[in-house]
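Each remark here refers to the structure printed beneath this line.
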Amino acid sequence: MPTIQEELDRRQLLYSLLMPVMNLYVPGMDKGKGLYFLFVKSETKTPGGLLARPVLTSYYKSDHFKTRPHDPYNVYTSPNEAILCPDSFHSMYTQMLCGLLEHKQVLRVGAVFASGLLRAIRFLQLNWAQLTHDIRTGTLNPKITNPSIQACMTRILKPDPNLADFIAAECSKDNWEGIITRIWPNTKYLDVIVTGAMAQYIPTLNHYSGGLPLACTMYASSECYFGLNLNPMCKPSEVSYTIMPNMAYFEFLPHKPNSIGATRPELVDLANVEVGKEYELVITTYAGLYRYRVGDILLVTGFHNSAPQFHFVRRKNVLLSIDSDKTDESELQRAVENASQLVLSEFNASVVEYTSYADTRTIPGHYVIYWELLLKDYSGESLSDEVMSRCCLAMEESLNSVYRQGRVADNSIGPLEIRVVKSGTFEELMDYSISRGASINQYKVPRCVSYTPIMELLDSRVVSAHFSKFLPHWTSERCR
Ligand code: AMP
């Protein structure tokens with residue numbers, strides 16, 4: 001995405017509004033620190049010689065971030081040296097270590113997206129023994145060889161056996177429920193985006209945080225930063241973002257899901273959108289994008305003064321299609337949630353991660369959904385085929401009538417399949433994407449996969465596969 005120097009000022013302006021807004025709802029945030037897992041990525045050059053890097057890497061490497069004046073509301077436990085270290089293991093290790101050392105000062109825990117925070121928890125699960133060793137002895141893990149991190153940790157790290165004992169005692173328990181508040185007892189909220197595709201993570205975050213509030217503070221993209229949530233303590237399902245009119249020139253394409261072939265609707269200006277209507281976001285940016293379709297569908301929920309507020313509905317793409325059916329991200333999400341609620345909750349299990357694939361190699365083709373499960377009840381190692389095939393059916397029942405018609409009346413879609421993958425598979429998927437150039441901060445689990453190496457990776461981790469054994473409900477009336 002093209003960007004220009006002055007864009008940083010605009011982004012800074014948005015960032016600088018977040019804590020004053022938060023302070024209206026959660027006072028005292030200047031009395032402690034934020035534990036944020038923030039990462040940079042290595043840079044490349046375009047064929048024309050321009051620097052190319054993810055938007056957040058640009059921000060963290062800018063003077064706006066590196067030489068920011070002291071602001072008691074924005075003090076992080078992570079030193080700049082750790083955030084700016086391009087090696088993701090060194091960076092994560094140091095950020096976690098510093099967060100543990102200052103566990104009582106931490107008032108909020110966050111990452112850009114929910115997936116990043118869960119990755120940090122997983123990292124703690126895998127590395128707590130070494131981390132507590134470092135805290136006990138006051139020495140840094142010899143694997144951390146980055147010189148600026150070493151220099152900075154020499155100043156910070158002092159032996160603290162009591163703290164090491166405390167953390168080791170918590171981390172060695174089998175049950176990690178509420179681990180965030182157990183280790184960082186003064187945390188008031190989690191600062192992570194869980195709207196849109198990230199809603200999938202809400203149950204897992206609730207599990208690890210014991211139900212702390214989830215603050216979705218801002219809505220932004222590589223192309224442009226859009227706006228902020230003026231009521232950040234509201235429930236994730238009620239989040240609306242207020243678009244800041246000075247970030248770009250905003251226009252809106254009225255969104256009518258089934259209007260293919262109809263006359264092209266007129267663009268509507270920011271001030272003229274109507275409450276209750278859905279629009280596709282179109283931006284003209286200072287950096288040079290002209291009437292660019294971001295691909296996000298937004299619903300107008302109200303106004304703050306004259307600035308409209310939007311609920312993020314979804315990205316405008318179809319994920320799965322076998323025949324004339326079209327399943328988008330939010331439908332798939334709902335289907336996973338329903339199956340999880342109707343079937344898995346009975347067994348104290350939940351879906352940690354999922355992705356999908358339209359398998360058209362078989363005739364008829366069918367939907368394949370990869371599930372990584374969290375089994376909270378340690379007595380059961382896996383769920384039976386009978387339970388899993390009920391999950392398949394529950395998902396099918398939640399899909400739209402065109403899908404069910406294809407299954408029942410047309411026989412153009414085969415039974416939905418769930419492939420259960422080993423715990424940690426989606427972590428490996430993320431590692432793979434990062435090794436191929438994805439940014440840790442901006443990484444989002446693809447909700448649909450088709451790239452052969454990724455499918456091979458997923459398929460090699462499959463523990464069991466299950467199919468829907470019955471047809472979902474469908475009547476012709478419903479389709480009219
Ligand atoms: P990227 O440019 O890779 O950071 O992706 C930007 C996209 O992420 C946006 O266009 C949205 O689809 C999604 N996104 C960013 N912020 C939010 C948010 N607060 N809620 C939901 N989706 C978001």
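By convention in this document, the chains of the structure tokens carry letters A, B, ... by their order, each chain's residues are numbered from 1, and ligands are numbered from 1 in the order they are shown.
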| message | Neighbouring residues of Leu253 in chain A were defined as those with any atom within 8 Å, considering only C-alpha atoms; residues of the same chain fewer than 5 positions away were excluded. Please report them as a list in words. | response | Pro265, Glu266, Leu267, Val268, Tyr279, Glu280, Leu281 and Val282 of chain A
Store the residues of this selection in a file with N, CA and C atoms, as a PDB file, in the first residue's frame.
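Saved to result_20.pdb:
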ATOM      1  N   PRO A 265     -25.133   1.256  -7.828  1.00  0.00           N
ATOM      2  CA  PRO A 265     -25.652   2.323  -6.961  1.00  0.00           C
ATOM      3  C   PRO A 265     -24.679   3.491  -6.870  1.00  0.00           C
ATOM      4  N   GLU A 266     -25.231   4.655  -6.556  1.00  0.00           N
ATOM      5  CA  GLU A 266     -24.421   5.863  -6.395  1.00  0.00           C
ATOM      6  C   GLU A 266     -23.650   5.812  -5.093  1.00  0.00           C
ATOM      7  N   LEU A 267     -22.470   6.422  -5.083  1.00  0.00           N
ATOM      8  CA  LEU A 267     -21.712   6.520  -3.833  1.00  0.00           C
ATOM      9  C   LEU A 267     -22.367   7.560  -2.927  1.00  0.00           C
ATOM     10  N   VAL A 268     -22.350   7.288  -1.627  1.00  0.00           N
ATOM     11  CA  VAL A 268     -22.942   8.202  -0.646  1.00  0.00           C
ATOM     12  C   VAL A 268     -21.805   8.805   0.170  1.00  0.00           C
ATOM     13  N   TYR A 279     -23.184  -0.563   4.094  1.00  0.00           N
ATOM     14  CA  TYR A 279     -22.415   0.044   3.007  1.00  0.00           C
ATOM     15  C   TYR A 279     -21.066  -0.631   2.890  1.00  0.00           C
ATOM     16  N   GLU A 280     -20.534  -0.558   1.686  1.00  0.00           N
ATOM     17  CA  GLU A 280     -19.151  -0.974   1.492  1.00  0.00           C
ATOM     18  C   GLU A 280     -18.278   0.287   1.534  1.00  0.00           C
ATOM     19  N   LEU A 281     -17.182   0.200   2.266  1.00  0.00           N
ATOM     20  CA  LEU A 281     -16.319   1.367   2.486  1.00  0.00           C
ATOM     21  C   LEU A 281     -15.453   1.653   1.255  1.00  0.00           C
ATOM     22  N   VAL A 282     -15.455   2.915   0.827  1.00  0.00           N
ATOM     23  CA  VAL A 282     -14.645   3.345  -0.328  1.00  0.00           C
ATOM     24  C   VAL A 282     -13.805   4.543   0.128  1.00  0.00           C
TER      25      VAL A 282
END
Per residue of chain A within 8 Å of ligand 1, which atom pair is closest and at what distance in Å (one decimal), using only C-alpha atoms and all ligand atoms, listed by chain and increasing number, as a tab-separated table?
residue	atom	partner	partner_atom_place_in_ligand_line	distance
A:Val55	CA	ligand 1	4 (O)	7.5
A:Ile193	CA	ligand 1	19 (N)	5.4
A:Val194	CA	ligand 1	20 (N)	6.6
A:Thr195	CA	ligand 1	20 (N)	4.3
A:Gly196	CA	ligand 1	21 (C)	4.2
A:Ala197	CA	ligand 1	22 (N)	6.6
A:Met198	CA	ligand 1	21 (C)	7.0
A:Cys216	CA	ligand 1	19 (N)	6.2
A:Thr217	CA	ligand 1	19 (N)	7.0
A:Met218	CA	ligand 1	19 (N)	5.2
A:Tyr219	CA	ligand 1	19 (N)	3.7
A:Ala220	CA	ligand 1	16 (N)	4.6
A:Ser221	CA	ligand 1	6 (C)	3.7
A:Ser222	CA	ligand 1	2 (O)	3.6
A:Glu223	CA	ligand 1	2 (O)	6.3
A:Tyr241	CA	ligand 1	19 (N)	7.6
A:Val294	CA	ligand 1	10 (O)	5.8
A:Gly295	CA	ligand 1	10 (O)	6.6
A:Asp296	CA	ligand 1	12 (O)	5.4
A:Phe312	CA	ligand 1	21 (C)	5.7
A:Val313	CA	ligand 1	21 (C)	7.9
A:Arg314	CA	ligand 1	12 (O)	6.9
A:Arg315	CA	ligand 1	12 (O)	5.4
A:Gln442	CA	ligand 1	4 (O)	5.2
A:Tyr443	CA	ligand 1	3 (O)	7.2
A:Lys444	CA	ligand 1	3 (O)	7.9
| So which residues touch Leu332 in chain A within 10 Å, counting only C-alpha atoms, skipping near sequence neighbours fewer than 3 positions away, as a list in words? | Leu319, Leu320, Thr327, Asp328, Glu329, Ala335, Val336, Glu337, Asn338, Tyr354, Thr355, Ser356, Ile369, Met395, Glu396, Ser398, Leu399, Asn400, Arg447 and Cys448 of chain A
May I have the selected residues written with C-alpha atoms, as a compact mmCIF listing (two decimals), in the first residue's frame?
# COMPACT_ATOMS: atom_id res chain seq x y z
CA LEU A 319 -15.39 -18.06 1.40
CA LEU A 320 -16.92 -21.29 0.23
CA THR A 327 -20.97 -18.98 2.23
CA ASP A 328 -19.24 -15.93 3.58
CA GLU A 329 -17.06 -15.45 6.62
CA ALA A 335 -22.19 -22.09 11.91
CA VAL A 336 -19.06 -22.89 13.94
CA GLU A 337 -20.44 -20.98 16.93
CA ASN A 338 -23.80 -22.78 16.72
CA TYR A 354 -10.87 -23.16 12.39
CA THR A 355 -10.47 -22.79 8.70
CA SER A 356 -12.27 -24.23 5.72
CA ILE A 369 -13.85 -27.53 8.04
CA MET A 395 -23.10 -26.53 11.11
CA GLU A 396 -25.13 -27.52 8.07
CA SER A 398 -26.85 -23.07 10.37
CA LEU A 399 -25.87 -22.51 6.75
CA ASN A 400 -28.13 -20.63 4.35
CA ARG A 447 -10.89 -18.69 7.15
CA CYS A 448 -10.57 -20.51 3.87
Return as CSV the residues of range 136-207 of chain A lying at most 10 Å from range 77-85 of chain A, together with the closest atom-to-atom pair for each and the distance in Å to one decimal, counting only C-alpha atoms, with rows in chain order and ascending residue number.
residue,atom,partner,partner_atom,distance
A:Asn146,CA,A:Cys85,CA,7.6
A:Pro147,CA,A:Glu81,CA,9.5
A:Ser148,CA,A:Glu81,CA,6.1
A:Ile149,CA,A:Glu81,CA,5.6
A:Gln150,CA,A:Glu81,CA,9.2
A:Ala151,CA,A:Glu81,CA,9.2
A:Cys152,CA,A:Glu81,CA,7.2
A:Met153,CA,A:Pro79,CA,9.1
A:Ile156,CA,A:Pro79,CA,9.8
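Ranking A:Thr301, A:Ser240, A:Thr284, A:Thr475 by their shortest atom-to-atom distance to Asp269 in chain A, with only C-alpha atoms included, puts A:Thr284 first.
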| Using only C-alpha atoms, which of A:Met233, A:Met455, A:Met430, A:Leu373 sits nearest Val21 in chain A? |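 So, comparing all the options, the nearest one is A:Met233.
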